[in-house]
file run_12.pdb (PDB, C-alpha atoms and all ligand atoms)
ATOM      1  CA  MET Y1492       0.000   0.000   0.000  1.00  0.00           C
ATOM      2  CA  THR Y1493       1.188   3.540  -0.734  1.00  0.00           C
ATOM      3  CA  VAL Y1494       1.193   6.109   2.065  1.00  0.00           C
ATOM      4  CA  ASP Y1495      -2.091   7.580   0.806  1.00  0.00           C
ATOM      5  CA  GLU Y1496      -3.635   4.115   0.709  1.00  0.00           C
ATOM      6  CA  GLN Y1497      -2.405   3.520   4.275  1.00  0.00           C
ATOM      7  CA  LYS Y1498      -4.088   6.769   5.394  1.00  0.00           C
ATOM      8  CA  ARG Y1499      -7.328   5.774   3.665  1.00  0.00           C
ATOM      9  CA  ALA Y1500      -7.163   2.275   5.171  1.00  0.00           C
ATOM     10  CA  ALA Y1501      -6.735   3.745   8.681  1.00  0.00           C
ATOM     11  CA  ALA Y1502      -9.665   6.111   8.064  1.00  0.00           C
ATOM     12  CA  ARG Y1503     -11.854   3.217   6.880  1.00  0.00           C
ATOM     13  CA  ALA Y1504     -10.889   1.030   9.864  1.00  0.00           C
ATOM     14  CA  ALA Y1505     -11.787   3.881  12.254  1.00  0.00           C
ATOM     15  CA  LEU Y1506     -15.429   3.689  11.137  1.00  0.00           C
ATOM     16  CA  HIS Y1507     -15.710   0.504  13.207  1.00  0.00           C
ATOM     17  CA  TYR Y1508     -15.821   2.729  16.324  1.00  0.00           C
ATOM     18  CA  VAL Y1509     -18.531   5.086  15.035  1.00  0.00           C
ATOM     19  CA  LYS Y1510     -22.013   4.216  16.325  1.00  0.00           C
ATOM     20  CA  PRO Y1511     -25.383   5.853  15.512  1.00  0.00           C
ATOM     21  CA  GLY Y1512     -26.256   8.863  17.661  1.00  0.00           C
ATOM     22  CA  MET Y1513     -22.638   9.601  18.576  1.00  0.00           C
ATOM     23  CA  LYS Y1514     -21.200  13.081  18.895  1.00  0.00           C
ATOM     24  CA  ILE Y1515     -17.687  13.070  17.479  1.00  0.00           C
ATOM     25  CA  GLY Y1516     -14.763  15.421  16.975  1.00  0.00           C
ATOM     26  CA  LEU Y1517     -13.432  15.632  13.437  1.00  0.00           C
ATOM     27  CA  GLY Y1518      -9.686  16.148  13.162  1.00  0.00           C
ATOM     28  CA  THR Y1519      -7.667  18.083  10.630  1.00  0.00           C
ATOM     29  CA  GLY Y1520      -5.214  17.000   7.937  1.00  0.00           C
ATOM     30  CA  SER Y1521      -4.689  14.654   5.018  1.00  0.00           C
ATOM     31  CA  THR Y1522      -5.556  11.502   7.013  1.00  0.00           C
ATOM     32  CA  CYS Y1523      -8.749  12.997   8.417  1.00  0.00           C
ATOM     33  CA  SER Y1524      -9.831  14.170   4.985  1.00  0.00           C
ATOM     34  CA  PRO Y1525     -10.831  10.677   3.712  1.00  0.00           C
ATOM     35  CA  PHE Y1526     -12.378  10.011   7.141  1.00  0.00           C
ATOM     36  CA  ILE Y1527     -14.605  13.084   6.718  1.00  0.00           C
ATOM     37  CA  ASP Y1528     -15.603  11.833   3.259  1.00  0.00           C
ATOM     38  CA  LEU Y1529     -16.498   8.426   4.679  1.00  0.00           C
ATOM     39  CA  ILE Y1530     -18.633  10.084   7.391  1.00  0.00           C
ATOM     40  CA  GLY Y1531     -20.192  12.191   4.611  1.00  0.00           C
ATOM     41  CA  ASP Y1532     -21.125   8.986   2.721  1.00  0.00           C
ATOM     42  CA  MET Y1533     -22.734   7.604   5.896  1.00  0.00           C
ATOM     43  CA  VAL Y1534     -24.692  10.831   6.435  1.00  0.00           C
ATOM     44  CA  GLU Y1535     -25.904  10.596   2.824  1.00  0.00           C
ATOM     45  CA  ALA Y1536     -27.210   7.154   3.750  1.00  0.00           C
ATOM     46  CA  GLU Y1537     -29.079   8.765   6.709  1.00  0.00           C
ATOM     47  CA  PHE Y1538     -26.635   7.747   9.476  1.00  0.00           C
ATOM     48  CA  ASP Y1539     -27.361   9.733  12.654  1.00  0.00           C
ATOM     49  CA  ILE Y1540     -24.249  11.623  13.825  1.00  0.00           C
ATOM     50  CA  LEU Y1541     -23.282  15.058  15.116  1.00  0.00           C
ATOM     51  CA  CYS Y1542     -19.753  16.423  14.689  1.00  0.00           C
ATOM     52  CA  VAL Y1543     -17.491  19.167  16.023  1.00  0.00           C
ATOM     53  CA  PRO Y1544     -14.778  20.248  13.548  1.00  0.00           C
ATOM     54  CA  THR Y1545     -11.275  20.993  14.858  1.00  0.00           C
ATOM     55  CA  SER Y1546     -10.503  23.698  12.284  1.00  0.00           C
ATOM     56  CA  GLU Y1547     -12.123  26.003   9.755  1.00  0.00           C
ATOM     57  CA  ALA Y1548     -10.733  23.768   6.970  1.00  0.00           C
ATOM     58  CA  THR Y1549     -12.436  20.725   8.486  1.00  0.00           C
ATOM     59  CA  ARG Y1550     -15.630  22.735   9.025  1.00  0.00           C
ATOM     60  CA  ALA Y1551     -15.670  23.723   5.330  1.00  0.00           C
ATOM     61  CA  HIS Y1552     -15.057  20.112   4.257  1.00  0.00           C
ATOM     62  CA  ALA Y1553     -17.788  18.783   6.580  1.00  0.00           C
ATOM     63  CA  GLU Y1554     -20.235  21.434   5.363  1.00  0.00           C
ATOM     64  CA  ARG Y1555     -19.534  20.497   1.723  1.00  0.00           C
ATOM     65  CA  ARG Y1556     -20.454  16.914   2.670  1.00  0.00           C
ATOM     66  CA  ALA Y1557     -23.612  18.061   4.563  1.00  0.00           C
ATOM     67  CA  ILE Y1558     -22.356  16.526   7.830  1.00  0.00           C
ATOM     68  CA  PRO Y1559     -24.454  17.840  10.755  1.00  0.00           C
ATOM     69  CA  LEU Y1560     -22.235  20.053  12.914  1.00  0.00           C
ATOM     70  CA  THR Y1561     -22.492  21.239  16.472  1.00  0.00           C
ATOM     71  CA  THR Y1562     -20.290  23.205  18.868  1.00  0.00           C
ATOM     72  CA  LEU Y1563     -18.709  22.551  22.235  1.00  0.00           C
ATOM     73  CA  GLU Y1564     -20.978  25.315  23.560  1.00  0.00           C
ATOM     74  CA  ASP Y1565     -24.053  23.221  22.718  1.00  0.00           C
ATOM     75  CA  ASN Y1566     -22.368  19.844  23.325  1.00  0.00           C
ATOM     76  CA  PRO Y1567     -19.419  20.174  25.715  1.00  0.00           C
ATOM     77  CA  GLN Y1568     -18.957  16.401  26.008  1.00  0.00           C
ATOM     78  CA  LEU Y1569     -18.275  14.274  22.952  1.00  0.00           C
ATOM     79  CA  ASP Y1570     -18.086  10.504  22.546  1.00  0.00           C
ATOM     80  CA  LEU Y1571     -15.013  10.212  20.344  1.00  0.00           C
ATOM     81  CA  THR Y1572     -12.497  12.337  18.496  1.00  0.00           C
ATOM     82  CA  PHE Y1573     -10.687  11.043  15.421  1.00  0.00           C
ATOM     83  CA  ASP Y1574      -7.563  12.945  14.469  1.00  0.00           C
ATOM     84  CA  GLY Y1575      -4.234  12.512  12.729  1.00  0.00           C
ATOM     85  CA  ALA Y1576      -0.765  13.038  14.195  1.00  0.00           C
ATOM     86  CA  ASP Y1577       2.686  14.014  13.051  1.00  0.00           C
ATOM     87  CA  GLU Y1578       4.299  11.558  15.467  1.00  0.00           C
ATOM     88  CA  ILE Y1579       3.019   8.826  17.800  1.00  0.00           C
ATOM     89  CA  ASP Y1580       5.244   7.352  20.518  1.00  0.00           C
ATOM     90  CA  PRO Y1581       4.891   3.891  22.148  1.00  0.00           C
ATOM     91  CA  ASP Y1582       2.775   5.393  25.002  1.00  0.00           C
ATOM     92  CA  LEU Y1583       0.542   7.043  22.380  1.00  0.00           C
ATOM     93  CA  ASN Y1584       1.826  10.462  23.313  1.00  0.00           C
ATOM     94  CA  LEU Y1585       1.535  12.568  20.183  1.00  0.00           C
ATOM     95  CA  LEU Y1586       3.277  15.400  18.446  1.00  0.00           C
ATOM     96  CA  LYS Y1587       0.657  17.355  16.489  1.00  0.00           C
ATOM     97  CA  GLY Y1588       0.041  20.682  14.833  1.00  0.00           C
ATOM     98  CA  GLY Y1589       1.755  20.295  11.478  1.00  0.00           C
ATOM     99  CA  GLY Y1590      -1.470  21.686  10.013  1.00  0.00           C
ATOM    100  CA  GLY Y1591      -1.635  24.470  12.601  1.00  0.00           C
ATOM    101  CA  ALA Y1592      -4.890  23.309  14.219  1.00  0.00           C
ATOM    102  CA  LEU Y1593      -3.360  22.106  17.504  1.00  0.00           C
ATOM    103  CA  LEU Y1594      -5.309  24.396  19.854  1.00  0.00           C
ATOM    104  CA  ARG Y1595      -8.794  23.417  18.706  1.00  0.00           C
ATOM    105  CA  GLU Y1596      -7.616  19.824  18.215  1.00  0.00           C
ATOM    106  CA  LYS Y1597      -6.527  19.587  21.839  1.00  0.00           C
ATOM    107  CA  ILE Y1598      -9.687  21.270  23.163  1.00  0.00           C
ATOM    108  CA  VAL Y1599     -11.903  18.923  21.148  1.00  0.00           C
ATOM    109  CA  ALA Y1600      -9.873  15.782  21.955  1.00  0.00           C
ATOM    110  CA  THR Y1601      -9.912  16.483  25.695  1.00  0.00           C
ATOM    111  CA  SER Y1602     -13.670  17.086  25.540  1.00  0.00           C
ATOM    112  CA  SER Y1603     -14.148  13.546  24.249  1.00  0.00           C
ATOM    113  CA  ARG Y1604     -14.468  10.276  26.132  1.00  0.00           C
ATOM    114  CA  GLN Y1605     -11.781   8.851  23.854  1.00  0.00           C
ATOM    115  CA  MET Y1606      -9.336  10.112  21.240  1.00  0.00           C
ATOM    116  CA  ILE Y1607      -8.526   7.756  18.384  1.00  0.00           C
ATOM    117  CA  VAL Y1608      -5.551   8.569  16.167  1.00  0.00           C
ATOM    118  CA  ILE Y1609      -5.553   7.654  12.503  1.00  0.00           C
ATOM    119  CA  ALA Y1610      -2.269   7.671  10.616  1.00  0.00           C
ATOM    120  CA  ASP Y1611       0.054   5.877   8.275  1.00  0.00           C
ATOM    121  CA  ILE Y1612       2.741   3.820   9.984  1.00  0.00           C
ATOM    122  CA  SER Y1613       5.507   6.361   9.223  1.00  0.00           C
ATOM    123  CA  LYS Y1614       4.071   8.403  12.119  1.00  0.00           C
ATOM    124  CA  LYS Y1615       4.988   5.723  14.703  1.00  0.00           C
ATOM    125  CA  VAL Y1616       8.299   6.655  16.367  1.00  0.00           C
ATOM    126  CA  GLU Y1617      10.298   5.513  19.385  1.00  0.00           C
ATOM    127  CA  THR Y1618      10.863   9.076  20.652  1.00  0.00           C
ATOM    128  CA  LEU Y1619       8.985  12.251  19.710  1.00  0.00           C
ATOM    129  CA  GLY Y1620      10.851  15.212  18.257  1.00  0.00           C
ATOM    130  CA  ALA Y1621      12.121  14.533  14.737  1.00  0.00           C
ATOM    131  CA  PHE Y1622       9.113  16.521  13.486  1.00  0.00           C
ATOM    132  CA  PRO Y1623       9.448  20.190  14.563  1.00  0.00           C
ATOM    133  CA  LEU Y1624       7.261  20.880  17.599  1.00  0.00           C
ATOM    134  CA  PRO Y1625       4.663  23.598  16.917  1.00  0.00           C
ATOM    135  CA  VAL Y1626       4.109  26.070  19.749  1.00  0.00           C
ATOM    136  CA  GLU Y1627       1.139  28.431  19.349  1.00  0.00           C
ATOM    137  CA  VAL Y1628       1.798  31.883  20.801  1.00  0.00           C
ATOM    138  CA  VAL Y1629       0.016  35.224  20.984  1.00  0.00           C
ATOM    139  CA  GLY Y1630       1.403  37.930  18.702  1.00  0.00           C
ATOM    140  CA  PHE Y1631       2.001  40.362  21.573  1.00  0.00           C
ATOM    141  CA  GLY Y1632       5.547  39.988  22.843  1.00  0.00           C
ATOM    142  CA  VAL Y1633       6.325  37.122  20.479  1.00  0.00           C
ATOM    143  CA  LYS Y1634      10.105  37.618  20.751  1.00  0.00           C
ATOM    144  CA  ALA Y1635       9.981  37.637  24.543  1.00  0.00           C
ATOM    145  CA  THR Y1636       7.833  34.498  24.503  1.00  0.00           C
ATOM    146  CA  ALA Y1637      10.248  32.834  22.072  1.00  0.00           C
ATOM    147  CA  TRP Y1638      13.121  33.642  24.432  1.00  0.00           C
ATOM    148  CA  LYS Y1639      11.245  32.017  27.352  1.00  0.00           C
ATOM    149  CA  ILE Y1640      10.546  28.932  25.245  1.00  0.00           C
ATOM    150  CA  GLU Y1641      14.229  28.706  24.319  1.00  0.00           C
ATOM    151  CA  ARG Y1642      15.143  29.010  28.011  1.00  0.00           C
ATOM    152  CA  ALA Y1643      12.790  26.111  28.827  1.00  0.00           C
ATOM    153  CA  PHE Y1644      14.474  23.977  26.152  1.00  0.00           C
ATOM    154  CA  ALA Y1645      17.921  24.861  27.532  1.00  0.00           C
ATOM    155  CA  HIS Y1646      16.745  23.934  31.041  1.00  0.00           C
ATOM    156  CA  LEU Y1647      16.009  20.437  29.738  1.00  0.00           C
ATOM    157  CA  GLY Y1648      19.302  20.289  27.832  1.00  0.00           C
ATOM    158  CA  LEU Y1649      17.565  20.626  24.476  1.00  0.00           C
ATOM    159  CA  ASP Y1650      19.038  22.587  21.621  1.00  0.00           C
ATOM    160  CA  ALA Y1651      16.319  24.007  19.375  1.00  0.00           C
ATOM    161  CA  SER Y1652      16.220  25.738  16.067  1.00  0.00           C
ATOM    162  CA  MET Y1653      13.098  27.920  16.250  1.00  0.00           C
ATOM    163  CA  THR Y1654      11.275  29.384  13.266  1.00  0.00           C
ATOM    164  CA  LEU Y1655       8.170  31.545  13.080  1.00  0.00           C
ATOM    165  CA  ARG Y1656       5.829  29.684  10.722  1.00  0.00           C
ATOM    166  CA  VAL Y1657       5.292  31.548   7.471  1.00  0.00           C
ATOM    167  CA  ARG Y1658       2.701  31.043   4.760  1.00  0.00           C
ATOM    168  CA  ASP Y1659       2.971  32.889   1.419  1.00  0.00           C
ATOM    169  CA  THR Y1660       5.727  35.181   2.807  1.00  0.00           C
ATOM    170  CA  ARG Y1661       3.544  36.278   5.779  1.00  0.00           C
ATOM    171  CA  PRO Y1662       3.371  34.918   9.326  1.00  0.00           C
ATOM    172  CA  PHE Y1663       0.956  31.982   9.453  1.00  0.00           C
ATOM    173  CA  VAL Y1664      -2.098  32.916  11.550  1.00  0.00           C
ATOM    174  CA  THR Y1665      -4.082  30.142  13.244  1.00  0.00           C
ATOM    175  CA  ASP Y1666      -7.884  29.869  13.274  1.00  0.00           C
ATOM    176  CA  ASN Y1667      -7.795  31.624  16.650  1.00  0.00           C
ATOM    177  CA  GLY Y1668      -5.592  34.481  15.448  1.00  0.00           C
ATOM    178  CA  HIS Y1669      -2.289  33.340  16.966  1.00  0.00           C
ATOM    179  CA  LEU Y1670       1.191  32.659  15.579  1.00  0.00           C
ATOM    180  CA  ILE Y1671       3.146  29.402  15.504  1.00  0.00           C
ATOM    181  CA  ILE Y1672       6.801  28.887  16.363  1.00  0.00           C
ATOM    182  CA  ASP Y1673       8.109  25.593  14.955  1.00  0.00           C
ATOM    183  CA  CYS Y1674      10.825  24.170  17.199  1.00  0.00           C
ATOM    184  CA  ALA Y1675      13.201  21.653  15.628  1.00  0.00           C
ATOM    185  CA  LEU Y1676      14.527  19.643  18.572  1.00  0.00           C
ATOM    186  CA  GLU Y1677      15.425  16.324  16.901  1.00  0.00           C
ATOM    187  CA  LYS Y1678      14.552  14.369  20.066  1.00  0.00           C
ATOM    188  CA  ILE Y1679      12.314  15.048  23.066  1.00  0.00           C
ATOM    189  CA  PRO Y1680      13.444  12.500  25.689  1.00  0.00           C
ATOM    190  CA  ASP Y1681      10.952  13.670  28.373  1.00  0.00           C
ATOM    191  CA  ALA Y1682       7.881  14.901  26.488  1.00  0.00           C
ATOM    192  CA  PRO Y1683       5.576  15.144  29.580  1.00  0.00           C
ATOM    193  CA  ARG Y1684       8.101  17.396  31.366  1.00  0.00           C
ATOM    194  CA  LEU Y1685       8.576  19.635  28.330  1.00  0.00           C
ATOM    195  CA  ALA Y1686       4.781  19.825  27.862  1.00  0.00           C
ATOM    196  CA  ALA Y1687       4.331  20.996  31.466  1.00  0.00           C
ATOM    197  CA  MET Y1688       7.095  23.593  31.124  1.00  0.00           C
ATOM    198  CA  LEU Y1689       5.710  25.017  27.868  1.00  0.00           C
ATOM    199  CA  SER Y1690       2.199  25.225  29.341  1.00  0.00           C
ATOM    200  CA  GLY Y1691       3.558  27.432  32.135  1.00  0.00           C
ATOM    201  CA  ILE Y1692       5.009  30.113  29.854  1.00  0.00           C
ATOM    202  CA  PRO Y1693       2.953  33.320  29.554  1.00  0.00           C
ATOM    203  CA  GLY Y1694       2.239  33.963  25.878  1.00  0.00           C
ATOM    204  CA  VAL Y1695       2.177  30.273  24.980  1.00  0.00           C
ATOM    205  CA  VAL Y1696      -1.401  29.442  24.066  1.00  0.00           C
ATOM    206  CA  GLU Y1697      -0.825  25.750  23.355  1.00  0.00           C
ATOM    207  CA  HIS Y1698       1.811  23.324  22.139  1.00  0.00           C
ATOM    208  CA  GLY Y1699       1.702  20.257  19.957  1.00  0.00           C
ATOM    209  CA  LEU Y1700       2.505  17.680  22.641  1.00  0.00           C
ATOM    210  CA  PHE Y1701      -0.612  15.602  23.378  1.00  0.00           C
ATOM    211  CA  ILE Y1702       0.358  13.700  26.523  1.00  0.00           C
ATOM    212  CA  GLY Y1703      -1.890  10.877  27.742  1.00  0.00           C
ATOM    213  CA  ILE Y1704      -4.808  12.019  25.586  1.00  0.00           C
ATOM    214  CA  ALA Y1705      -5.018   9.343  22.857  1.00  0.00           C
ATOM    215  CA  SER Y1706      -5.909   5.807  23.874  1.00  0.00           C
ATOM    216  CA  LEU Y1707      -5.938   4.076  20.481  1.00  0.00           C
ATOM    217  CA  ALA Y1708      -3.956   4.524  17.276  1.00  0.00           C
ATOM    218  CA  ILE Y1709      -5.090   2.977  14.007  1.00  0.00           C
ATOM    219  CA  CYS Y1710      -2.187   2.884  11.573  1.00  0.00           C
ATOM    220  CA  GLY Y1711      -2.203   1.865   7.953  1.00  0.00           C
ATOM    221  CA  THR Y1712       0.883  -0.199   7.064  1.00  0.00           C
ATOM    222  CA  PRO Y1713       2.035  -1.692   3.750  1.00  0.00           C
ATOM    223  CA  GLU Y1714       0.656  -5.033   5.002  1.00  0.00           C
ATOM    224  CA  GLY Y1715      -2.675  -3.766   6.342  1.00  0.00           C
ATOM    225  CA  VAL Y1716      -4.061  -1.921   9.356  1.00  0.00           C
ATOM    226  CA  LYS Y1717      -2.499  -2.235  12.838  1.00  0.00           C
ATOM    227  CA  VAL Y1718      -4.139  -1.032  16.046  1.00  0.00           C
ATOM    228  CA  PHE Y1719      -2.033   0.198  18.983  1.00  0.00           C
ATOM    229  CA  THR Y1720      -3.310   0.732  22.526  1.00  0.00           C
ATOM    230  CA  ARG Y1721      -1.697   1.951  25.702  1.00  0.00           C
TER
HETATM  231  C1  LIG Y1801      -3.017  19.349  12.184  1.00  0.00           C
HETATM  232  C2  LIG Y1801      -2.491  18.085  12.729  1.00  0.00           C
HETATM  233  C3  LIG Y1801      -2.560  16.876  11.874  1.00  0.00           C
HETATM  234  O1  LIG Y1801      -3.304  15.902  12.515  1.00  0.00           O
HETATM  235  C4  LIG Y1801      -1.172  16.371  11.629  1.00  0.00           C
HETATM  236  O2  LIG Y1801      -0.413  17.418  11.058  1.00  0.00           O
HETATM  237  C5  LIG Y1801      -1.164  15.143  10.714  1.00  0.00           C
HETATM  238  O3  LIG Y1801      -1.628  15.512   9.452  1.00  0.00           O
HETATM  239  P1  LIG Y1801      -1.664  14.485   8.240  1.00  0.00           P
HETATM  240  O4  LIG Y1801      -2.752  13.500   8.533  1.00  0.00           O
HETATM  241  O5  LIG Y1801      -1.951  15.374   7.051  1.00  0.00           O
HETATM  242  O6  LIG Y1801      -0.306  13.842   8.137  1.00  0.00           O
HETATM  243  O7  LIG Y1801      -2.034  17.988  13.845  1.00  0.00           O
HETATM  244  O8  LIG Y1801      -2.845  20.403  13.086  1.00  0.00           O
END
call {"tool": "encode", "arguments": {"input": "run_12.pdb", "output": "structure tokens", "more": "lines below"}}
Ligand code: 5RP
result
Amino acid sequence: MTVDEQKRAAARAALHYVKPGMKIGLGTGSTCSPFIDLIGDMVEAEFDILCVPTSEATRAHAERRAIPLTTLEDNPQLDLTFDGADEIDPDLNLLKGGGGALLREKIVATSSRQMIVIADISKKVETLGAFPLPVEVVGFGVKATAWKIERAFAHLGLDASMTLRVRDTRPFVTDNGHLIIDCALEKIPDAPRLAAMLSGIPGVVEHGLFIGIASLAICGTPEGVKVFTR
């Protein structure tokens, strides 16, 4: 199977967990895209479901497929969230936010009884960190915030190359109007500790470390789908 086929296979296998009447979170990215289409097909066939999108891109996709949408204001507790990941470690800690939707993704995932990750097997790693860690920050004082983030890395003995995310020559702005600093660390030996430190920095809105949130990962592999639990 190609990587795209692996993503589609993971998305298809995830449908096994979707039951009528559920309220689910819809993730963001190229693995969630076929999942949204599959949910759209089910809705066309009159399947009863209510969804909360994790980004404006996912909202637009779900609306095109006439998927009934709700909000966390109207439904603060969801049954399941299905989302992709940039990296998945053996404890199912995740590194996310390659698509810039990490803040809403984390809010939606932690409002769900269970988070299920869908991915191709290239996302499974021994240690998080080869993918640059996205840190979402407010625009005010961005340089001062970046300096505090760098200090936190140094405290943990991590050497980071930090870049303000740019799209079309301008700073990338998230759905909630913030900026993203991508932090290339190569390896994050103690992801829970780094997550706690980043969360304590004023100006940091959210970071892409999802610690202890996912409980199942469905990965497409060249040989078929594999399910990982913690
Ligand atoms: C978006 C994300 C995505 O889930 C992550 O980037 C994986 O995307 P893809 O399925 O396209 O590889 O965190 O913010």
call {"tool": "residues_near_ligand", "arguments": {"input": "run_12.pdb", "ligand": "ligand LIG 1801 (chain Y)", "cutoff": "8 Å", "atoms": "all atoms listed in the file", "output": "list of chain:residue names"}}
result
Y:Lys1498, Y:Gly1518, Y:Thr1519, Y:Gly1520, Y:Ser1521, Y:Thr1522, Y:Cys1523, Y:Ser1524, Y:Asp1574, Y:Gly1575, Y:Ala1576, Y:Asp1577, Y:Leu1586, Y:Lys1587, Y:Gly1588, Y:Gly1589, Y:Gly1590, Y:Gly1591, Y:Ala1592, Y:Leu1593, Y:Glu1596, Y:Ile1609, Y:Ala1610, Y:Asp1611, Y:Gly1699
call {"tool": "atom_distance", "arguments": {"input": "run_12.pdb", "atom1": "CA of Met1606 in chain Y", "atom2": "CA of Leu1707 in chain Y"}}
result
7.0 Å
call {"tool": "closest_atom_pairs", "arguments": {"input": "run_12.pdb", "of": "range 1631-1667 of chain Y", "to": "range 1616-1627 of chain Y", "cutoff": "10 Å", "atoms": "all atoms listed in the file", "output": "JSON lines"}}
result
{"residue": "Y:Ala1637", "atom": "CA", "partner": "Y:Val1626", "partner_atom": "CA", "distance": 9.4}
{"residue": "Y:Ile1640", "atom": "CA", "partner": "Y:Val1626", "partner_atom": "CA", "distance": 8.9}
{"residue": "Y:Ala1651", "atom": "CA", "partner": "Y:Pro1623", "partner_atom": "CA", "distance": 9.2}
{"residue": "Y:Ser1652", "atom": "CA", "partner": "Y:Pro1623", "partner_atom": "CA", "distance": 8.9}
{"residue": "Y:Met1653", "atom": "CA", "partner": "Y:Pro1623", "partner_atom": "CA", "distance": 8.7}
{"residue": "Y:Thr1654", "atom": "CA", "partner": "Y:Pro1623", "partner_atom": "CA", "distance": 9.5}
{"residue": "Y:Leu1655", "atom": "CA", "partner": "Y:Pro1625", "partner_atom": "CA", "distance": 9.5}
{"residue": "Y:Arg1656", "atom": "CA", "partner": "Y:Pro1625", "partner_atom": "CA", "distance": 8.8}
{"residue": "Y:Val1664", "atom": "CA", "partner": "Y:Glu1627", "partner_atom": "CA", "distance": 9.6}
{"residue": "Y:Thr1665", "atom": "CA", "partner": "Y:Glu1627", "partner_atom": "CA", "distance": 8.2}
{"residue": "Y:Asn1667", "atom": "CA", "partner": "Y:Glu1627", "partner_atom": "CA", "distance": 9.9}
call {"tool": "residues_around", "arguments": {"input": "run_12.pdb", "residues": "Cys1710 in chain Y", "least_positions_apart": "2", "cutoff": "12 Å", "atoms": "only C-alpha atoms", "output": "ChimeraX atom specification"}}
result
/Y:1494-1505,1522,1574-1576,1578-1579,1583,1607-1615,1707-1708,1712-1720
call {"tool": "closest_residue", "arguments": {"input": "run_12.pdb", "among": "Y:Ala1635, Y:Leu1517, Y:Ile1598, Y:Ile1530", "to": "Glu1547 in chain Y", "atoms": "all atoms listed in the file"}}
result
Y:Leu1517
call {"tool": "resolve_selection", "arguments": {"input": "run_12.pdb", "expression": "the PyMOL selection byres (((chain Y and resi 1678-1682) around 9) and not hetatm)", "output": "VMD selection string"}}
result
chain Y and resid 1584 1618 to 1622 1647 1649 1675 to 1677 1683 to 1687 1700 1702
call {"tool": "write_last_selection", "arguments": {"input": "run_12.pdb", "atoms": "C-alpha atoms", "output": "PDB file, in the coordinates of the input"}}
result
ATOM      1  CA  ASN Y1584       1.826  10.462  23.313  1.00  0.00           C
ATOM      2  CA  THR Y1618      10.863   9.076  20.652  1.00  0.00           C
ATOM      3  CA  LEU Y1619       8.985  12.251  19.710  1.00  0.00           C
ATOM      4  CA  GLY Y1620      10.851  15.212  18.257  1.00  0.00           C
ATOM      5  CA  ALA Y1621      12.121  14.533  14.737  1.00  0.00           C
ATOM      6  CA  PHE Y1622       9.113  16.521  13.486  1.00  0.00           C
ATOM      7  CA  LEU Y1647      16.009  20.437  29.738  1.00  0.00           C
ATOM      8  CA  LEU Y1649      17.565  20.626  24.476  1.00  0.00           C
ATOM      9  CA  ALA Y1675      13.201  21.653  15.628  1.00  0.00           C
ATOM     10  CA  LEU Y1676      14.527  19.643  18.572  1.00  0.00           C
ATOM     11  CA  GLU Y1677      15.425  16.324  16.901  1.00  0.00           C
ATOM     12  CA  PRO Y1683       5.576  15.144  29.580  1.00  0.00           C
ATOM     13  CA  ARG Y1684       8.101  17.396  31.366  1.00  0.00           C
ATOM     14  CA  LEU Y1685       8.576  19.635  28.330  1.00  0.00           C
ATOM     15  CA  ALA Y1686       4.781  19.825  27.862  1.00  0.00           C
ATOM     16  CA  ALA Y1687       4.331  20.996  31.466  1.00  0.00           C
ATOM     17  CA  LEU Y1700       2.505  17.680  22.641  1.00  0.00           C
ATOM     18  CA  ILE Y1702       0.358  13.700  26.523  1.00  0.00           C
TER      19      ILE Y1702
END
call {"tool": "atom_distance", "arguments": {"input": "run_12.pdb", "atom1": "CA of Asp1650 in chain Y", "atom2": "CA of Ile1704 in chain Y"}}
result
26.4 Å
call {"tool": "closest_residue", "arguments": {"input": "run_12.pdb", "among": "Y:Phe1538, Y:Phe1573, Y:Phe1631, Y:Phe1526", "to": "Pro1511 in chain Y", "atoms": "all atoms listed in the file"}}
result
Y:Phe1538
call {"tool": "closest_residue", "arguments": {"input": "run_12.pdb", "among": "Y:Met1492, Y:Leu1563, Y:Ala1536, Y:Ala1548", "to": "Lys1514 in chain Y", "atoms": "all atoms listed in the file"}}
result
Y:Leu1563
call {"tool": "closest_residue", "arguments": {"input": "run_12.pdb", "among": "Y:Ile1692, Y:Ala1643, Y:Val1628, Y:Val1599", "to": "Asp1673 in chain Y", "atoms": "all atoms listed in the file"}}
result
Y:Val1628
call {"tool": "atom_distance", "arguments": {"input": "run_12.pdb", "atom1": "CA of Met1513 in chain Y", "atom2": "CA of Leu1585 in chain Y"}}
result
24.4 Å
call {"tool": "closest_residue", "arguments": {"input": "run_12.pdb", "among": "Y:Gly1711, Y:Pro1525, Y:Leu1541, Y:Pro1693", "to": "Gly1632 in chain Y", "atoms": "all atoms listed in the file"}}
result
Y:Pro1693
call {"tool": "resolve_selection", "arguments": {"input": "run_12.pdb", "expression": "the PyMOL selection byres (((chain Y and resi 1602) around 10) and not hetatm)", "output": "list of chain:residue names"}}
result
Y:Ile1515, Y:Gly1516, Y:Leu1563, Y:Asn1566, Y:Pro1567, Y:Gln1568, Y:Leu1569, Y:Asp1570, Y:Leu1571, Y:Thr1572, Y:Glu1596, Y:Lys1597, Y:Ile1598, Y:Val1599, Y:Ala1600, Y:Thr1601, Y:Ser1603, Y:Arg1604, Y:Gln1605, Y:Met1606
